[in-house]
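final.txt (compact mmCIF, C-alpha atoms)
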# COMPACT_ATOMS: atom_id res chain seq x y z
CA MET R 6 5.41 -90.36 103.97
CA ASP R 7 5.99 -93.59 105.86
CA ALA R 8 8.15 -93.94 108.99
CA ASN R 9 11.17 -95.38 107.17
CA SER R 10 11.12 -92.62 104.55
CA PHE R 11 11.06 -90.03 107.31
CA LEU R 12 13.83 -91.83 109.21
CA MET R 13 16.10 -92.30 106.19
CA GLY R 14 15.44 -88.96 104.51
CA GLY R 15 12.87 -90.17 101.95
CA ALA R 16 12.69 -89.03 98.37
CA SER R 17 13.25 -85.39 99.27
CA GLY R 18 16.95 -85.75 98.42
CA ALA R 19 16.39 -86.89 94.83
CA PRO R 20 16.69 -84.04 92.33
CA THR R 21 13.71 -83.04 90.21
CA ALA R 22 13.64 -84.44 86.66
CA LYS R 23 14.03 -81.62 84.15
CA PHE R 24 12.71 -81.56 80.58
CA PRO R 25 14.61 -78.65 78.97
CA THR R 26 13.92 -79.39 75.29
CA PRO R 27 11.43 -81.36 73.21
CA GLY R 28 12.65 -84.93 72.75
CA THR R 29 14.11 -85.16 76.27
CA VAL R 30 13.35 -88.56 77.85
CA ILE R 31 13.71 -89.28 81.56
CA GLY R 32 12.91 -92.59 83.15
CA GLY R 33 13.95 -95.85 84.71
CA ARG R 34 12.88 -98.27 87.42
CA ILE R 35 10.57 -96.87 90.08
CA THR R 36 12.51 -97.03 93.36
CA GLU R 37 9.95 -95.86 95.95
CA PRO R 38 6.18 -96.06 96.31
CA PRO R 39 4.56 -93.14 94.45
CA LYS R 40 3.33 -90.36 96.74
CA LEU R 41 0.28 -88.15 96.37
CA GLU R 42 1.01 -84.55 97.45
CA GLN R 43 -0.53 -81.15 97.14
CA GLN R 44 1.18 -78.91 94.60
CA ARG R 45 3.06 -75.85 95.87
CA ASP R 46 3.72 -72.49 94.29
CA ILE R 47 7.31 -72.49 93.01
CA LYS R 48 8.07 -68.97 94.26
CA SER R 49 6.21 -68.77 97.59
CA GLY R 50 6.08 -72.43 98.62
CA GLU R 51 2.38 -72.00 99.49
CA LYS R 52 0.02 -74.88 98.79
CA LYS R 53 -1.99 -74.47 95.59
CA PHE R 54 -5.78 -74.68 95.32
CA TRP R 55 -8.29 -74.67 92.46
CA LYS R 56 -10.75 -71.76 92.28
CA ASP R 57 -13.41 -73.93 93.99
CA GLY R 58 -11.10 -74.46 96.99
CA ASP R 59 -10.08 -78.05 96.20
CA PRO R 60 -6.35 -78.76 96.57
CA MET R 61 -4.27 -79.09 93.39
CA MET R 62 -2.68 -82.54 93.66
CA GLN R 63 0.26 -84.30 92.00
CA VAL R 64 1.92 -87.70 92.11
CA VAL R 65 5.65 -87.76 92.92
CA VAL R 66 7.55 -90.76 91.55
CA THR R 67 11.25 -91.45 92.02
CA VAL R 68 12.99 -93.32 89.19
CA GLN R 69 16.54 -94.61 88.86
CA THR R 70 18.10 -92.97 85.80
CA ASP R 71 21.57 -93.07 84.28
CA LEU R 72 21.92 -89.29 84.84
CA ARG R 73 24.76 -87.94 86.96
CA ASP R 74 25.09 -84.23 87.67
CA PRO R 75 28.63 -83.26 88.72
CA ALA R 76 27.16 -80.29 90.62
CA ILE R 77 25.30 -82.70 92.94
CA GLU R 78 27.52 -84.40 95.51
CA ASP R 79 27.13 -88.21 95.48
CA ASP R 80 24.49 -88.07 92.71
CA ASP R 81 23.06 -91.60 92.50
CA GLY R 82 20.95 -90.90 89.39
CA LYS R 83 17.58 -90.94 91.13
CA ARG R 84 15.19 -88.28 89.83
CA ARG R 85 11.71 -87.26 90.96
CA LEU R 86 8.94 -86.84 88.42
CA PHE R 87 6.16 -84.48 89.51
CA ILE R 88 3.19 -85.93 87.62
CA LYS R 89 0.40 -83.42 87.10
CA GLY R 90 -1.48 -81.78 84.25
CA GLN R 91 -0.82 -83.21 80.80
CA MET R 92 1.98 -85.45 82.12
CA LYS R 93 -0.62 -87.11 84.38
CA ASN R 94 -2.76 -87.88 81.32
CA ALA R 95 0.23 -89.36 79.46
CA VAL R 96 1.32 -91.52 82.42
CA SER R 97 -2.20 -92.79 83.19
CA ASP R 98 -2.66 -93.69 79.50
CA ALA R 99 0.67 -95.59 79.59
CA VAL R 100 -0.35 -97.51 82.73
CA ARG R 101 -3.71 -98.46 81.15
CA GLU R 102 -1.97 -99.53 77.92
CA ALA R 103 0.32 -101.79 79.99
CA ASN R 104 -2.74 -103.29 81.75
CA GLY R 105 -1.44 -101.94 85.05
CA ARG R 106 -3.47 -100.84 88.05
CA GLY R 107 -1.09 -98.01 88.90
CA LEU R 108 2.60 -97.23 89.24
CA GLU R 109 4.52 -99.65 91.43
CA VAL R 110 8.04 -100.07 92.80
CA GLY R 111 10.09 -102.14 90.34
CA GLY R 112 8.08 -101.08 87.29
CA THR R 113 9.74 -98.89 84.68
CA LEU R 114 8.42 -95.48 83.68
CA HIS R 115 9.81 -93.32 80.89
CA VAL R 116 8.42 -89.89 80.04
CA ARG R 117 9.24 -87.87 76.92
CA PHE R 118 8.65 -84.14 76.46
CA THR R 119 7.20 -84.03 72.93
CA HIS R 120 6.37 -80.36 72.29
CA GLU R 121 4.86 -77.16 73.65
CA LEU R 122 1.48 -75.64 72.87
CA PRO R 123 1.03 -71.89 72.43
CA PRO R 124 0.66 -70.00 75.74
CA SER R 125 -2.96 -69.56 76.88
CA GLY R 126 -2.45 -65.85 77.50
CA PRO R 127 0.07 -63.03 77.82
CA GLY R 128 2.79 -63.75 80.36
CA MET R 129 1.85 -67.46 80.53
CA SER R 130 4.35 -70.26 79.91
CA PRO R 131 3.71 -72.54 76.95
CA PRO R 132 2.22 -75.81 78.26
CA LYS R 133 4.52 -78.80 77.77
CA GLN R 134 3.10 -81.97 76.23
CA TYR R 135 4.36 -85.46 77.10
CA GLU R 136 4.09 -89.11 76.20
CA ALA R 137 4.95 -91.99 78.51
CA ARG R 138 5.66 -95.72 78.51
CA TYR R 139 5.23 -97.99 81.52
CA VAL R 140 6.17 -101.62 82.15
CA PRO R 141 4.69 -103.15 85.33
CA ALA R 142 7.05 -104.58 87.95
CA ALA R 143 6.09 -108.21 87.26
CA ASN R 144 6.86 -107.81 83.55
CA THR R 145 10.11 -106.00 84.31
CA ALA R 146 11.25 -108.74 86.71
CA LEU R 147 10.44 -111.49 84.22
CA GLY R 148 11.98 -109.67 81.27
CA VAL R 149 8.58 -109.63 79.54
CA THR R 150 8.12 -106.75 77.16
CA GLN R 151 5.16 -104.42 77.15
CA PRO R 152 2.72 -105.15 74.31
CA SER R 153 3.02 -102.50 71.65
CA ALA R 154 1.58 -102.06 68.17
CA ALA R 155 4.66 -100.31 66.77
CA PRO R 156 7.45 -98.11 68.04
CA ALA R 157 6.70 -94.42 68.33
CA PRO R 158 8.29 -92.20 65.69
CA ALA R 159 11.81 -91.13 66.59
CA PRO R 160 12.13 -87.63 68.10
CA ALA R 161 14.30 -84.83 66.79
CA PRO R 162 17.81 -85.01 68.23
CA ALA R 163 17.83 -84.05 71.89
CA PRO R 164 20.32 -84.24 74.72
CA ALA R 165 20.46 -87.68 76.28
CA GLN R 166 18.61 -87.64 79.61
CA GLY R 167 18.26 -90.74 81.81
CA GLY R 168 16.61 -93.36 79.65
CA ASP R 169 17.28 -91.99 76.13
CA PRO R 170 20.57 -93.74 75.40
CA TRP R 171 20.42 -93.20 71.64
CA GLY R 172 19.76 -89.40 71.46
CA THR R 173 19.37 -89.49 67.66
CA ASN R 174 16.72 -90.09 65.03
CA ALA R 175 17.88 -93.72 64.73
CA ALA R 176 15.72 -96.48 66.15
CA PRO R 177 16.66 -96.99 69.80
CA THR R 178 18.79 -99.94 70.79
CA GLY R 179 16.59 -102.56 72.40
CA VAL R 180 13.50 -101.98 70.22
CA ASN R 181 12.70 -104.48 67.49
CA THR R 182 11.83 -102.19 64.56
CA VAL R 183 9.64 -104.88 62.97
CA THR R 184 7.50 -105.90 65.96
CA GLY R 185 7.99 -102.87 68.20
CA GLU R 186 8.88 -105.10 71.17
CA ILE R 187 10.93 -103.52 73.92
CA LYS R 188 14.02 -105.31 75.19
CA GLY R 189 14.97 -104.81 78.84
CA ASP R 190 14.45 -101.33 80.33
CA GLU R 191 14.72 -99.48 77.03
CA PRO R 192 11.81 -97.07 76.42
CA PRO R 193 10.05 -97.44 73.05
CA PHE R 194 10.68 -93.83 72.00

As C-alpha cells, how would this structure be written, given the file I've shared?
Amino acid sequence: MDANSFLMGGASGAPTAKFPTPGTVIGGRITEPPKLEQQRDIKSGEKKFWKDGDPMMQVVVTVQTDLRDPAIEDDDGKRRLFIKGQMKNAVSDAVREANGRGLEVGGTLHVRFTHELPPSGPGMSPPKQYEARYVPAANTALGVTQPSAAPAPAPAPAPAQGGDPWGTNAAPTGVNTVTGEIKGDEPPF
C-alpha cells in the first residue's frame, strides 16, 4: 500500500466482486494500481501458506463497474477482484492476448465465471472456472479495440453484473458480430 492509499482509505472500502452463477461477468476500468497480497483464510483471517512454507499470493484489482448495491451506503460501483488460482490463469492469458505487460490503471478488465468443475474430494467446494478479456490503458484511452479472432460464444442467461449489460444469449451491444471487434468498454463475452 502506498502512502496516499493509506491516507485516503485505499481499496479496502471497495466491496469484493461476487460470481454467484455461471455466466456472471464483472469488470470495468481499473481504478487503482494492482496490489500483490498474501491470501488469508476466510474464517480465521490467518495468512495462508503452501505445504512447502511459501506464502499463497493473490493480486487484488479494483475495477469501476455499473453495479450498485442498495445495502452498501454510498456504493460507487467499485469492486475488488481477488485474482488467484484459475482466475489468475485466465487474466494472465487475457493480458498476453492483448499484448500487455500487466494490468494497469486505466485499462479495462472483464472476468466471466464460465462453469464449475467437480469437487476434488468430499467436503470440497467445486472449483470455479473463468475467462477474461483485457484492454490496455493506451488502447482504452484511444478507443482502439483489442484484437480478437471472433467473439466468444454467448453464455446462458445470467444476472447482469457490472460489465454484462446484455444478460441474454444475444450478441452483446458493442461487439461487431462479423469481425469480433469490441466497441468502447464492452467485454467480448

R:Thr29 environment, 6 Å, all atoms listed in the file, sequence neighbours closer than 3 positions dropped, as a list in words | Phe24, Thr26, Arg117, Phe118 and Ala163 of chain R

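The nearest approach to R:Arg85 among the residues R:Arg106, R:His115, R:His120, R:Lys53, with only C-alpha atoms taken into account, belongs to R:His115.
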
Top pick for closest residue to R:Lys133, considering R:Glu109, R:Asp57, R:Val116, R:Met92 and counting only C-alpha atoms = R:Met92

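Nearest residue to R:Thr21 among R:Gly50, R:Glu102, R:Val65, R:Gly58 is R:Val65, counting all atoms listed in the file.
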
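Note that the spacing between atom CA of R:Pro131 and atom CA of R:Met61 amounts to 19.4 Å.
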
Identify which of the residues R:Ala142, R:Ala76, R:Leu108, R:Val68 lies closest to R:Pro39, counting all atoms listed in the file when measuring atom-to-atom distances.
->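 Of R:Ala142, R:Ala76, R:Leu108, R:Val68, the one nearest R:Pro39 is R:Leu108, counting all atoms listed in the file.
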
Might you pull out every residue within 10 Å of R:Lys93, with only C-alpha atoms counted and same-chain residues fewer than 6 positions away left off, and present them as a ChimeraX atom specification?
-> /R:63-64,87,99,135-137

Give me, please, the distance in Å between atom CA of R:Gly105 and atom CA of R:Pro141, quoted to one decimal.
->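 Computing it gives 6.3 Å between the two atoms.
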
In Å to one decimal, how far is atom CA of R:Ile47 from atom CA of R:Met62?
->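 One can read the atom CA of R:Met62 to atom CA of R:Ile47 distance as 14.2 Å.
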
Looking at all atoms listed in the file, which of R:Pro124, R:Pro20, R:Gly112, R:Pro25 is the one that sits closest to R:Tyr139?
->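 For R:Tyr139, the nearest of the candidates is R:Gly112.
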
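Checking R:Pro75, R:Asp98, R:Gly90, R:Leu114 one by one against R:Ile31, counting only C-alpha atoms, you find the shortest gap at R:Leu114.
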